[in-house]
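I have placed the structure first, in the form of structure tokens, so that the comments after it can refer back to it.
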Amino acid sequence: MPPEQFRTRDCVILLKGDAYPVTVDPVMASGGWKGGQGVQWVASDKDEFLVTYSDGLYAGFALWGSNESSDEFTAMTRNQPSYQFATVGAGGWIIMTTSFEQYTYASRQAGPLVPIVYNASDRLVFSLRGYWTKEDEWTLSGDPRAPNGYFIGFVIQPPSTATQQYMTIQVSI
Amino acid sequence: MTEIFRTRDCVVFFKGDAYAVAVSPQMQQNGWAGGQAVMWDDSPLDEFRVTYSDGLYGGFFLWGSDESSDQYVSFFKNQIAYGFGVLCLGGWLISTTTYEKYTYASRTGGGPLVPIVYTEGVRVRFSLRGYFTTEDEWTPSGHAGAPNNFYVGSITQSPKASNSFYLGIQTAI
């Protein structure tokens with residue numbers, strides 16, 4: 001049976017929370033990002049609200065990726081990196097996204113990749129690269145800020161064939 | 001140069017939930033700044049009443065009781081006269097001067113004042129007088145509820161000359 005939800009973006013919105021535009025730093029503007037990417041506040045010389053890739057902290061998540069296929073041939077094509085902005089989602093959302101860690105932190109460092117098994121109601125944090133994950137990568141990496149207690153949501157639907165490997169998340173930021 | 005006009009104690013960039021509440025006689029008498037935190041207070045009347053926060057929260061007040069921007073308009077001392085304030089909670093993006101500038105220890109120890117260094121992404125809570133701060137003032141003051149883990153937001157902009165020394169905060173109350 002085909003999926004009943006159309007998933008044509010990195011981050012699909014089922015329920016909308018708070019959203020506002022912010023400036024992205026040069027690292028993000030040049031490196032690009034996926035929809036659903038976690039971002040965090042950083043200092044700026046200017047009077048602006050500036051974010052960069054999350055390393056476990058949060059401001060929220062980027063609603064749209066910087067270069068998604070759904071934006072090709074429209075006015076939105078690479079609009080965000082050109083003007084160095086993104087739209088951040090915070091508060092309460094229900095989203096479906098592919099921007100989550102698929103493999104354990106340990107296996108991504110060395111050895112064969114080991115999938116993370118997500119279950120409904122798992123609590124989530126952002127990984128060291130700002131993807132949604134159930135693992136505390138601060139503890140696993142020896143980050144002095146460990147443990148990461150910055151929980152930002154729950155798993156509603158774990159990724160599966162039925163969900164086209166998207167994960168559905170109840171966001172609470 | 002500051003690019004944003006900051007003419008009030010608490011400047012709003014993104015609005016969350018807001019509703020009017022009654023204020024305690026103590027607040028009505030002494031007044032408050034915009035961005036002042038408040039907590040729920042017992043009342044003999046059938047009303048929703050708040051008083052100065054001591055680290056707990058109902059939320060923060062949008063407008064001060066006697067701000068310079070309200071002079072010569074009909075809002076002049078309106079809140080104090082009628083005993084109400086506008087309570088804010090949920091997700092807001094604000095910039096305020098109502099934060100602790102100096103460490104609790106230096107404010108109470110009698111020594112020289114030591115500035116608190118605010119950094120983007122760090123979580124904030126309310127001080128014993130209801131100002132935004134990164135410090136847990138319950139623990140050093142011997143408060144029965146210590147430690148204070150009632151976090152109410154994250155820092156989006158540290159105070160500096162370019163933002164007229166306002167503190168930027170993303171609230172999550």
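Chain labels A, B, ... are given in the sequence in which chains occur in the structure tokens; within each chain residues are numbered consecutively from 1, and ligands are likewise numbered from 1 in the order shown.
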Close residues, segment 39-42 of chain A itself excluded, 10 Å, only C-alpha atoms, min 4 positions apart in chain, as a PyMOL selection string: (chain A and resi 22-25+28+33+49-62+86+88-89+126+129-131) or (chain B and resi 119-122+154-158+170)
May I have the residues from that selection written out with N, CA and C atoms, as a short mmCIF file (atom, residue, chain, number, x, y, z; two decimals), in the first residue's frame?
data_model
loop_
_atom_site.label_atom_id
_atom_site.label_comp_id
_atom_site.auth_asym_id
_atom_site.auth_seq_id
_atom_site.Cartn_x
_atom_site.Cartn_y
_atom_site.Cartn_z
N VAL A 22 15.85 34.05 11.00
CA VAL A 22 17.09 34.40 11.69
C VAL A 22 18.21 34.45 10.66
N THR A 23 19.30 35.09 11.04
CA THR A 23 20.48 35.11 10.17
C THR A 23 21.28 33.82 10.39
N VAL A 24 21.85 33.28 9.32
CA VAL A 24 22.74 32.12 9.47
C VAL A 24 24.18 32.58 9.33
N ASP A 25 25.08 31.90 10.03
CA ASP A 25 26.49 32.32 9.99
C ASP A 25 27.14 31.86 8.68
N MET A 28 27.30 28.06 7.90
CA MET A 28 26.05 27.44 7.42
C MET A 28 25.73 27.90 6.01
N TRP A 33 22.33 23.27 4.47
CA TRP A 33 21.69 22.48 5.52
C TRP A 33 20.42 21.84 4.99
N PHE A 49 20.00 38.34 15.15
CA PHE A 49 19.85 37.04 15.79
C PHE A 49 20.48 36.01 14.87
N LEU A 50 21.62 35.48 15.30
CA LEU A 50 22.47 34.66 14.44
C LEU A 50 22.48 33.21 14.94
N VAL A 51 22.37 32.27 14.02
CA VAL A 51 22.45 30.86 14.39
C VAL A 51 23.52 30.15 13.56
N THR A 52 23.92 29.00 14.06
CA THR A 52 24.80 28.11 13.33
C THR A 52 24.32 26.68 13.57
N TYR A 53 25.00 25.71 12.96
CA TYR A 53 24.63 24.31 13.19
C TYR A 53 24.61 24.01 14.68
N SER A 54 23.61 23.30 15.14
CA SER A 54 23.58 22.88 16.54
C SER A 54 24.67 21.85 16.80
N ASP A 55 25.26 21.91 18.00
CA ASP A 55 26.15 20.83 18.43
C ASP A 55 25.56 20.17 19.67
N GLY A 56 24.25 20.29 19.83
CA GLY A 56 23.57 19.69 20.97
C GLY A 56 22.70 20.70 21.70
N LEU A 57 23.08 21.97 21.58
CA LEU A 57 22.22 23.05 22.10
C LEU A 57 21.14 23.34 21.05
N TYR A 58 20.22 24.24 21.41
CA TYR A 58 19.19 24.53 20.43
C TYR A 58 18.71 25.96 20.49
N ALA A 59 18.33 26.44 19.31
CA ALA A 59 17.41 27.56 19.17
C ALA A 59 16.11 26.99 18.61
N GLY A 60 16.28 25.98 17.77
CA GLY A 60 15.16 25.32 17.12
C GLY A 60 15.67 24.53 15.93
N PHE A 61 14.83 24.34 14.94
CA PHE A 61 15.24 23.61 13.74
C PHE A 61 14.91 24.43 12.50
N ALA A 62 15.71 24.24 11.47
CA ALA A 62 15.45 24.96 10.22
C ALA A 62 14.29 24.28 9.51
N ALA A 86 17.47 31.84 7.53
CA ALA A 86 16.71 30.59 7.61
C ALA A 86 15.48 30.87 8.46
N VAL A 88 13.41 29.48 11.48
CA VAL A 88 13.59 28.55 12.60
C VAL A 88 12.24 28.21 13.21
N GLY A 89 12.04 26.94 13.49
CA GLY A 89 10.85 26.50 14.19
C GLY A 89 11.18 26.25 15.65
N PHE A 126 19.54 17.00 20.17
CA PHE A 126 20.28 17.18 18.92
C PHE A 126 21.67 16.54 19.07
N ARG A 129 26.09 17.21 15.32
CA ARG A 129 25.95 17.94 14.06
C ARG A 129 24.53 18.47 13.87
N GLY A 130 23.74 18.42 14.94
CA GLY A 130 22.42 19.04 14.89
C GLY A 130 21.33 18.20 14.26
N TYR A 131 21.51 16.88 14.25
CA TYR A 131 20.44 16.01 13.78
C TYR A 131 19.70 15.48 15.01
N THR B 119 26.36 34.23 27.52
CA THR B 119 26.82 33.62 26.27
C THR B 119 25.62 33.04 25.53
N GLU B 120 25.60 33.22 24.22
CA GLU B 120 24.51 32.71 23.40
C GLU B 120 24.32 31.21 23.59
N GLY B 121 23.07 30.80 23.70
CA GLY B 121 22.73 29.38 23.81
C GLY B 121 22.57 28.88 25.24
N VAL B 122 23.08 29.64 26.21
CA VAL B 122 23.00 29.20 27.61
C VAL B 122 21.59 29.44 28.14
N SER B 154 16.50 30.54 26.56
CA SER B 154 17.91 30.52 26.17
C SER B 154 18.33 31.90 25.69
N ILE B 155 19.61 32.17 25.81
CA ILE B 155 20.14 33.47 25.38
C ILE B 155 20.34 33.47 23.86
N THR B 156 19.79 34.49 23.23
CA THR B 156 19.95 34.62 21.78
C THR B 156 20.99 35.68 21.42
N GLN B 157 21.13 36.66 22.29
CA GLN B 157 22.09 37.75 22.06
C GLN B 157 22.65 38.17 23.40
N SER B 158 23.96 38.15 23.54
CA SER B 158 24.57 38.65 24.78
C SER B 158 24.56 40.18 24.76
N GLN B 170 15.19 33.81 24.03
CA GLN B 170 14.12 33.00 23.44
C GLN B 170 13.45 32.30 24.61
#
Check: which chain B residues lie within 12 Å of chain A using only C-alpha atoms, as a PyMOL selection string: chain B and resi 1-6+13-17+89-95+118-123+149+151-173
Surrounding residues of Glu135 of chain B excluding itself and chain neighbours under 6 positions, 12 Å, only C-alpha atoms, as a PyMOL selection string: chain B and resi 55+99-105+115-118+122-128+141+146-151
Can you write just those residues out, N, CA, C and O atoms, as a tab-separated table (two decimals), in the first residue's frame?
chain	number	residue	atom	x	y	z
B	55	GLY	N	12.05	33.17	41.66
B	55	GLY	CA	12.72	32.06	40.97
B	55	GLY	C	11.70	31.14	40.33
B	55	GLY	O	12.00	30.43	39.38
B	99	TYR	N	17.59	41.98	33.43
B	99	TYR	CA	18.39	40.80	33.73
B	99	TYR	C	19.44	41.16	34.76
B	99	TYR	O	19.75	42.35	34.95
B	100	GLU	N	19.96	40.18	35.46
B	100	GLU	CA	20.98	40.44	36.48
B	100	GLU	C	22.30	40.78	35.81
B	100	GLU	O	22.82	40.00	35.02
B	101	LYS	N	22.83	41.94	36.14
B	101	LYS	CA	24.10	42.35	35.54
B	101	LYS	C	25.29	41.78	36.31
B	101	LYS	O	26.36	41.58	35.74
B	102	TYR	N	25.12	41.57	37.60
B	102	TYR	CA	26.24	41.15	38.45
B	102	TYR	C	25.92	39.84	39.18
B	102	TYR	O	24.75	39.54	39.44
B	103	THR	N	26.94	39.10	39.53
B	103	THR	CA	26.75	37.81	40.18
B	103	THR	C	26.04	37.98	41.52
B	103	THR	O	26.19	39.01	42.20
B	104	TYR	N	25.32	36.96	41.89
B	104	TYR	CA	24.60	36.99	43.17
B	104	TYR	C	25.59	37.17	44.32
B	104	TYR	O	25.37	37.95	45.25
B	105	ALA	N	26.70	36.44	44.26
B	105	ALA	CA	27.69	36.51	45.33
B	105	ALA	C	28.22	37.93	45.50
B	105	ALA	O	28.35	38.43	46.63
B	115	PRO	N	30.60	41.33	37.04
B	115	PRO	CA	29.60	41.15	35.97
B	115	PRO	C	29.38	39.68	35.64
B	115	PRO	O	30.32	38.86	35.70
B	116	ILE	N	28.15	39.33	35.33
B	116	ILE	CA	27.84	38.01	34.80
B	116	ILE	C	28.13	38.04	33.30
B	116	ILE	O	27.72	38.96	32.61
B	117	VAL	N	28.85	37.03	32.83
B	117	VAL	CA	29.14	36.94	31.40
B	117	VAL	C	28.07	36.08	30.74
B	117	VAL	O	27.95	34.89	31.04
B	118	TYR	N	27.27	36.69	29.90
B	118	TYR	CA	26.21	35.97	29.19
B	118	TYR	C	26.72	35.49	27.84
B	118	TYR	O	27.40	36.22	27.13
B	122	VAL	N	23.08	29.64	26.21
B	122	VAL	CA	23.00	29.20	27.61
B	122	VAL	C	21.59	29.44	28.14
B	122	VAL	O	20.94	30.43	27.82
B	123	ARG	N	21.11	28.51	28.96
B	123	ARG	CA	19.75	28.62	29.48
B	123	ARG	C	19.67	29.62	30.63
B	123	ARG	O	20.63	29.79	31.39
B	124	VAL	N	18.52	30.26	30.74
B	124	VAL	CA	18.31	31.24	31.80
B	124	VAL	C	17.15	30.81	32.69
B	124	VAL	O	16.30	30.01	32.30
B	125	ARG	N	17.16	31.35	33.90
B	125	ARG	CA	16.06	31.17	34.85
B	125	ARG	C	15.82	32.51	35.50
B	125	ARG	O	16.38	33.51	35.07
B	126	PHE	N	14.99	32.55	36.54
B	126	PHE	CA	14.72	33.82	37.20
B	126	PHE	C	15.49	33.91	38.51
B	126	PHE	O	15.65	32.91	39.23
B	127	SER	N	15.93	35.12	38.83
B	127	SER	CA	16.67	35.35	40.07
B	127	SER	C	15.68	35.52	41.23
B	127	SER	O	14.46	35.46	41.05
B	128	LEU	N	16.20	35.74	42.41
B	128	LEU	CA	15.36	35.88	43.61
B	128	LEU	C	14.48	37.13	43.54
B	128	LEU	O	13.52	37.24	44.31
B	141	SER	N	21.66	31.00	48.28
B	141	SER	CA	20.88	31.74	49.27
B	141	SER	C	20.23	30.82	50.30
B	141	SER	O	19.60	31.29	51.24
B	146	ALA	N	15.98	24.70	46.50
B	146	ALA	CA	17.22	24.55	45.72
B	146	ALA	C	17.44	23.10	45.30
B	146	ALA	O	17.05	22.19	46.03
B	147	PRO	N	18.06	22.88	44.13
B	147	PRO	CA	18.52	23.89	43.16
B	147	PRO	C	17.37	24.39	42.28
B	147	PRO	O	16.36	23.69	42.14
B	148	ASN	N	17.53	25.56	41.71
B	148	ASN	CA	16.51	26.08	40.82
B	148	ASN	C	16.76	25.60	39.40
B	148	ASN	O	17.66	26.07	38.72
B	149	ASN	N	15.95	24.62	39.00
B	149	ASN	CA	16.05	24.12	37.62
B	149	ASN	C	14.85	24.55	36.78
B	149	ASN	O	14.51	23.90	35.80
B	150	PHE	N	14.20	25.63	37.20
B	150	PHE	CA	13.06	26.14	36.43
B	150	PHE	C	13.56	27.04	35.30
B	150	PHE	O	13.47	28.26	35.37
B	151	TYR	N	14.09	26.39	34.28
B	151	TYR	CA	14.62	27.15	33.14
B	151	TYR	C	13.47	27.75	32.34
B	151	TYR	O	12.42	27.12	32.17
Backbone DSSP call of strand (DSSP E or B) for chain B, listed as an MDAnalysis selection string: chainID B and resid 10:14 17:23 37:41 49:52 59:61 84:89 93:96 99 102 115 123:126 132:133 153:157 167:171
Near-segment 72-87 of chain B list (12 Å; only C-alpha atoms; drop same-chain fewer than 6 positions) as number ranges by chain: B: 15-40, 47-52, 57-66, 173
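The spacing separating atom CA of Phe6 of chain A from atom CA of Met76 of chain A amounts to 20.0 Å.
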